[in-house]
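Here is the structure we will look at, set down as structure tokens.
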Amino acid sequence: MIDLKTLEDLDLLRESQELECKLAQGQNGQGEVPKDFWPTYSAMANAHGGVVLLGVREKAGVFSIAGLTNPAKVRTDLFNNLNNPGKVSFNLLTDADVQEVVIDGHVILSIQIPQATRKQRPVYLNGQPLGHTYKRLNDGDRLCDEETVKRMLAEQVEDERDARILSGFGMSDIDMDSLRIYRQMLKDEKPGHPYLEQNDLAFLTSLRGWRRDRITGEEGLTLAGLLMFGCWSAIQEAVPHYFLDYQERPEAKTELRWVDRLVPDGTWTGNLFEFYRRVYRKLVVDLKVQFSLKGGQRQDDTPVHVALREALVNTLVHADYTGRVSVLVVKRPDMFGFRNPGRLRLPFEQVIRGGESDCRNRILHQMFLLIGLGERGGSGMPKIYSGWQSRHWRQPLLREKDQPEQTLLELHMLDLLPPAVLEALRARFGESFDRVESLDRMILATAMIEGVVNHSRMTEICLDHPHDLSLALARLERDGMLLSQGQSRGKVYHLPGAAPVSPEQVFPAAFSSGSSGDSFGSNGISSGSSVDSFGSDRGVPMVPPVEVVAEVGGEGSRRDEHGCLMSHLLDAPILDDLAVLSESLRADLLERAALPRAKARLERQAMVEVILAVCEGRYVRLSVLAELLNRDPDGLRKGYLDALVKEHRIRRAFPGTPTHELQSYKKADGA
């Protein structure tokens, strides 16, 4: 349970986890559970959990305590509704999750909402999952579409998604060479195994690639059997969205350029078994890892090889092959990236800690295990982490993306604390740097490498508790080793003299009249790489040291041939005023924005595609984007832009002030 004693603790909490504050005064001022609590309860339960504080007012990231006159009444009403199936489908809370907290002499209720398990999701309202299921996206509660709800329901009831018998499919849909090679690998791994004496159908049945339903009597090829050993044409028929993609990229960039690519193109089977065999060889063929000796014998199978093998198997056996995202494996000089459709079935902490397994495709997992590939009992991710730690590389980055649902794993081959960075920090701070704790040293190194750092980025890099990260950031700021911009979850930190670009620097004329327009919000920047294309750019346009940026001004008002504002502080021009654009560019933008301009309601994915098209190649000011799309600026930011930034599909020009009225957005490279 969280520990709250002061308003400062609320600020730390805002940085470290999902937080929602509600006044909860009720009509008579005695306090009540507000109606908008319930969508938040559903949304947090269906995402990663969070904290709701009743009796706290929040405005523009600033907290004030109102308190509750009768907290016992509010608590009773809360549990009465939680245990009413007509109100909410599942009560996740115990008495320990709801605590009275006294701050500045006022009593508030702190409600810790846990993440619902797979068997509990979807958590919905009013007795009806469709149209009453919410999910937490950024800091808002969003209604889930019908496809998302149905996927939650399927995940709830199907422990193994690959056991389904495929009507109309048979042994003719199996690639017999794949089955033969698998049999040989089993023989090499386990000579004398009883399965080896069976004919092909019996062998496939023993692997549960073919099964008979004892209740219905139905018999046939399972989804696992087809995915593992099937022919491409048959797999396409059974799973229309199935697609496998391997890309080897020559540089540490987000651009979609490759020197080698493997996709199902009719020249090979397209099944998982052959994809694994081909891709694993490509991943490790030129791996620059020193071999070790064991018993006087060279050991080529290093912990890094084990980690890559486990990451590839994990990607294939945990994928939701009904999803609309392809399996993607990327190899670059600086990293390996793995993506599979579908979210994690267990909380992040449990996956990383290991010891518990909930594999989406259990039959596929067993097939790989039988030939010595993959790990049992939830030990796969710990093996990946330990393999990377053996080389002192940056901690693997595991994350989820909600729209469309996918899980991403990035394995960067970057030293945690490069010697050159340590020397630069030591030169900057002197002996003070040598006295800071190891966590503080990691934060400072990240700030130097990536330009800015925030709480969420540090949770990706290290395993320290979120509260400890908050304290470390506050300590470094107090000691003058970091400076900050923004508030709450919008707060970013940078080294002295290395501030991110500000609107004042790019638009000096807009501030000369005394109208600054500062508006600090609660949305944090996304400093991670492009998750769709596994990019390495941190996506934060940086400025030179303070003594250089002071000379910005005259050059900041220069415009290119299309009428876009140019600044040497940014990596692309800014489209800040439609009226001054060239006719050709204005016509092109209006054409790209034609769909939302013509329709008041538009499917989310269609709107996202339009936003990315309009923001390609240049930063577009929010007010201009809203005008082009014929939408309300605030609704556009909260409904789309904040989420796209978090998903690393667009970038903010001014990450230190995320909700500034001059904020501008650009499509991320590779998005």
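Ordering of the structure tokens sets the chain letters (A, B, ...), residue numbers begin anew at 1 in every chain, and ligands are numbered from 1 in the order given.
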
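DSSP annotation of range 244-377 of chain A from backbone atoms: strand (DSSP E) residues are Leu244, Asp245, Tyr246, Gln247, Glu248, Asp260, Arg261, Leu262, Ser292, Leu293, Lys294, Gln297, Arg298, Gln299, Val327, Leu328, Val329, Val330, Lys331, Arg332, Met335, Phe336, Gly337, Phe338, Arg339, Asn340 and Pro341 of chain A.
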
Show me, as a PDB file with C-alpha atoms, in the first residue's frame, the residues that have an atom within 6 Å of range 168-181 of chain A when counting only C-alpha atoms, minus same-chain residues fewer than 6 positions from it.
ATOM      1  CA  LEU A 221      -5.408 -31.064 -36.831  1.00  0.00           C
ATOM      2  CA  PHE A 229       4.400 -27.716 -39.207  1.00  0.00           C
ATOM      3  CA  GLY A 230       1.837 -26.451 -41.704  1.00  0.00           C
ATOM      4  CA  CYS A 231       2.070 -25.186 -45.282  1.00  0.00           C
ATOM      5  CA  ALA A 234      -3.227 -23.696 -45.227  1.00  0.00           C
TER       6      ALA A 234
END

> Between A:Glu450, A:Asp577, A:Glu58, A:Asp162, which one has atoms that come closest to Arg360 in chain A, using only C-alpha atoms?
Replying inline: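 So, comparing all the options, the nearest one is A:Asp162.
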
> Contacts of range 306-317 of chain A at 10 Å or less, counting only C-alpha atoms, minus same-chain residues fewer than 4 places along, as a ChimeraX atom specification?
Replying inline: /A:162,224,227-228,244,272-273,275-276,279-281,283-284,301-302,321,327-329,336-341,359-369,373-375,379-388,407-411

>> Give me, as a count of residues only, the residues of range 32-222 of chain A that a backbone DSSP run labels helix (DSSP H, G or I).
In response: 65

Close residues, range 88-104 of chain A itself excluded, 9 Å, only C-alpha atoms, min 6 positions apart in chain, as a compact mmCIF listing (two decimals) with N, CA and C atoms, in the first residue's frame:
# COMPACT_ATOMS: atom_id res chain seq x y z
N MET A 1 0.85 -1.19 0.00
CA MET A 1 0.00 0.00 0.00
C MET A 1 0.89 1.24 0.00
N ASP A 3 2.32 5.01 0.80
CA ASP A 3 2.54 5.73 2.06
C ASP A 3 2.39 7.22 1.79
N LEU A 4 1.30 7.81 2.25
CA LEU A 4 1.02 9.23 2.03
C LEU A 4 0.97 9.96 3.37
N LYS A 5 1.76 11.02 3.47
CA LYS A 5 1.72 11.83 4.68
C LYS A 5 1.61 13.32 4.36
N THR A 6 2.15 13.71 3.21
CA THR A 6 2.17 15.13 2.85
C THR A 6 1.79 15.31 1.39
N LEU A 7 1.59 16.57 1.00
CA LEU A 7 1.32 16.87 -0.41
C LEU A 7 2.51 16.51 -1.28
N TRP A 38 -16.35 4.70 -11.30
CA TRP A 38 -16.53 3.34 -11.80
C TRP A 38 -15.87 3.09 -13.15
N SER A 42 -12.88 0.22 -13.61
CA SER A 42 -12.83 -0.75 -14.72
C SER A 42 -11.55 -0.57 -15.53
N ALA A 45 -8.33 -1.63 -13.60
CA ALA A 45 -8.33 -3.08 -13.40
C ALA A 45 -7.95 -3.80 -14.69
N ILE A 65 -6.12 19.50 -0.79
CA ILE A 65 -6.89 18.53 -0.01
C ILE A 65 -8.21 19.14 0.43
N GLY A 67 -10.73 16.79 1.64
CA GLY A 67 -11.11 15.89 2.73
C GLY A 67 -12.52 15.37 2.60
N PRO A 71 -15.89 9.69 5.97
CA PRO A 71 -15.22 8.67 5.15
C PRO A 71 -15.78 7.27 5.36
N ALA A 72 -16.32 6.97 6.55
CA ALA A 72 -16.88 5.64 6.80
C ALA A 72 -18.07 5.38 5.89
N ARG A 75 -16.81 4.71 2.38
CA ARG A 75 -16.22 3.37 2.32
C ARG A 75 -17.30 2.31 2.22
N PHE A 79 -17.97 -0.44 -1.00
CA PHE A 79 -17.99 -1.90 -0.96
C PHE A 79 -19.38 -2.45 -1.29
N ASN A 81 -21.35 -1.28 -3.57
CA ASN A 81 -21.40 -1.30 -5.03
C ASN A 81 -20.44 -2.32 -5.62
N LEU A 82 -19.28 -2.47 -5.00
CA LEU A 82 -18.31 -3.44 -5.50
C LEU A 82 -18.85 -4.86 -5.45
N SER A 110 -7.70 6.49 0.27
CA SER A 110 -6.77 6.02 -0.74
C SER A 110 -7.18 4.61 -1.17
N ILE A 111 -7.49 4.45 -2.45
CA ILE A 111 -8.00 3.18 -2.97
C ILE A 111 -6.97 2.61 -3.95
N GLN A 112 -6.36 1.50 -3.57
CA GLN A 112 -5.37 0.83 -4.42
C GLN A 112 -6.10 -0.21 -5.26
N ILE A 113 -6.19 0.02 -6.58
CA ILE A 113 -6.88 -0.90 -7.48
C ILE A 113 -5.85 -1.81 -8.13
N PRO A 114 -5.90 -3.11 -7.88
CA PRO A 114 -4.90 -4.01 -8.47
C PRO A 114 -5.22 -4.31 -9.93
N GLN A 115 -4.24 -4.81 -10.64
CA GLN A 115 -4.47 -5.28 -12.00
C GLN A 115 -5.26 -6.57 -11.95
N ALA A 116 -6.32 -6.66 -12.73
CA ALA A 116 -7.12 -7.89 -12.78
C ALA A 116 -6.32 -8.99 -13.46
N GLN A 120 -10.02 -12.80 -14.54
CA GLN A 120 -10.97 -11.79 -14.05
C GLN A 120 -11.36 -10.77 -15.13
N ARG A 121 -10.53 -10.62 -16.15
CA ARG A 121 -10.81 -9.66 -17.22
C ARG A 121 -11.78 -10.26 -18.23
N PRO A 122 -12.66 -9.41 -18.77
CA PRO A 122 -12.77 -7.97 -18.57
C PRO A 122 -13.56 -7.62 -17.30
N VAL A 123 -13.12 -6.59 -16.62
CA VAL A 123 -13.89 -6.02 -15.51
C VAL A 123 -14.79 -4.94 -16.13
N TYR A 124 -16.10 -5.15 -16.05
CA TYR A 124 -17.03 -4.27 -16.75
C TYR A 124 -18.14 -3.81 -15.82
N LEU A 125 -18.94 -2.86 -16.29
CA LEU A 125 -19.98 -2.24 -15.48
C LEU A 125 -21.37 -2.61 -15.99
N ASN A 126 -22.35 -2.47 -15.10
CA ASN A 126 -23.78 -2.56 -15.46
C ASN A 126 -24.17 -3.89 -16.08
N GLY A 127 -23.46 -4.97 -15.74
CA GLY A 127 -23.86 -6.30 -16.15
C GLY A 127 -23.67 -6.62 -17.61
N GLN A 128 -22.95 -5.78 -18.37
CA GLN A 128 -22.83 -5.98 -19.81
C GLN A 128 -21.42 -5.61 -20.26
N PRO A 129 -20.62 -6.59 -20.71
CA PRO A 129 -19.25 -6.27 -21.10
C PRO A 129 -19.16 -5.37 -22.34

Residues of range 86-162 of chain A within 10 Å of range 342-352 of chain A: nearest atom pair and distance (Å, one decimal) for each, counting only C-alpha atoms, sorted by chain and number, as a Markdown table?
| residue | atom | partner | partner_atom | distance |
| --- | --- | --- | --- | --- |
| A:Gln115 | CA | A:Pro347 | CA | 7.6 |
| A:Ala116 | CA | A:Pro347 | CA | 9.2 |
| A:Thr117 | CA | A:Leu346 | CA | 7.2 |
| A:Arg118 | CA | A:Arg345 | CA | 6.2 |
| A:Lys119 | CA | A:Arg345 | CA | 9.7 |
| A:Arg151 | CA | A:Gly342 | CA | 9.3 |
| A:Glu155 | CA | A:Arg345 | CA | 8.6 |
| A:Gln156 | CA | A:Arg345 | CA | 10.0 |

>> One decimal, in Å: what's the spacing between CA of Arg208 in chain A and CA of Glu158 in chain A?
In response: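 Pair CA of Arg208 in chain A / CA of Glu158 in chain A returns 16.1 Å.
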
> Hey, what's within 6 Å of Gly486 in chain A if we count only C-alpha atoms and toss same-chain stuff fewer than 3 positions away? As a ChimeraX atom specification, please?
Replying inline: /A:490-491,520,656-657

Go ahead and write the residues just picked, all heavy atoms, as a PDB file, in the first residue's frame.
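To be explicit, this is the file written out as part-v2.pdb:
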ATOM      1  N   GLY A 490       4.371  14.925 -16.213  1.00  0.00           N
ATOM      2  CA  GLY A 490       4.979  15.658 -17.303  1.00  0.00           C
ATOM      3  C   GLY A 490       6.374  16.141 -16.973  1.00  0.00           C
ATOM      4  O   GLY A 490       7.004  16.822 -17.787  1.00  0.00           O
ATOM      5  N   LYS A 491       6.883  15.814 -15.816  1.00  0.00           N
ATOM      6  CA  LYS A 491       8.166  16.335 -15.367  1.00  0.00           C
ATOM      7  C   LYS A 491       9.320  15.585 -16.026  1.00  0.00           C
ATOM      8  O   LYS A 491       9.367  14.358 -16.025  1.00  0.00           O
ATOM      9  CB  LYS A 491       8.264  16.206 -13.846  1.00  0.00           C
ATOM     10  CG  LYS A 491       9.348  17.073 -13.203  1.00  0.00           C
ATOM     11  CD  LYS A 491       9.174  17.057 -11.690  1.00  0.00           C
ATOM     12  CE  LYS A 491      10.052  18.098 -11.007  1.00  0.00           C
ATOM     13  NZ  LYS A 491       9.833  18.126  -9.548  1.00  0.00           N
ATOM     14  N   PHE A 520       1.471  23.793 -17.978  1.00  0.00           N
ATOM     15  CA  PHE A 520       2.122  22.535 -17.668  1.00  0.00           C
ATOM     16  C   PHE A 520       1.061  21.478 -17.398  1.00  0.00           C
ATOM     17  O   PHE A 520       0.104  21.706 -16.681  1.00  0.00           O
ATOM     18  CB  PHE A 520       3.024  22.675 -16.433  1.00  0.00           C
ATOM     19  CG  PHE A 520       4.177  23.589 -16.670  1.00  0.00           C
ATOM     20  CD1 PHE A 520       4.112  24.912 -16.285  1.00  0.00           C
ATOM     21  CD2 PHE A 520       5.304  23.131 -17.308  1.00  0.00           C
ATOM     22  CE1 PHE A 520       5.176  25.765 -16.497  1.00  0.00           C
ATOM     23  CE2 PHE A 520       6.378  23.980 -17.525  1.00  0.00           C
ATOM     24  CZ  PHE A 520       6.312  25.294 -17.122  1.00  0.00           C
ATOM     25  N   GLY A 656       9.590  19.213 -22.587  1.00  0.00           N
ATOM     26  CA  GLY A 656       9.575  19.712 -21.217  1.00  0.00           C
ATOM     27  C   GLY A 656       8.265  20.348 -20.818  1.00  0.00           C
ATOM     28  O   GLY A 656       7.981  20.494 -19.627  1.00  0.00           O
ATOM     29  N   THR A 657       7.449  20.774 -21.808  1.00  0.00           N
ATOM     30  CA  THR A 657       6.151  21.411 -21.530  1.00  0.00           C
ATOM     31  C   THR A 657       5.106  20.749 -22.417  1.00  0.00           C
ATOM     32  O   THR A 657       4.690  21.310 -23.433  1.00  0.00           O
ATOM     33  CB  THR A 657       6.205  22.922 -21.805  1.00  0.00           C
ATOM     34  OG1 THR A 657       6.707  23.135 -23.132  1.00  0.00           O
ATOM     35  CG2 THR A 657       7.122  23.619 -20.811  1.00  0.00           C
TER      36      THR A 657
END

> CA of Leu204 in chain A to CA of Ser167 in chain A: how many Å, to one decimal?
Replying inline: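 According to the coordinates, CA of Leu204 in chain A and CA of Ser167 in chain A are separated by 16.7 Å.
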
> Counting only C-alpha atoms, what is within 10 Å of Leu439 in chain A, bar same-chain residues fewer than 2 positions away, as a PyMOL selection string?
Replying inline: chain A and resi 436-437+441-445+458+462+464+468-469+472-473

> Near Gly50 in chain A, within 6 Å and counting only C-alpha atoms, which residues show up once chain neighbours fewer than 6 positions away are dropped, as a PyMOL selection string?
Replying inline: chain A and resi 18-19+44+113

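Interatomic distance, CA of His648 in chain A to CA of Lys667 in chain A: 8.9 Å.
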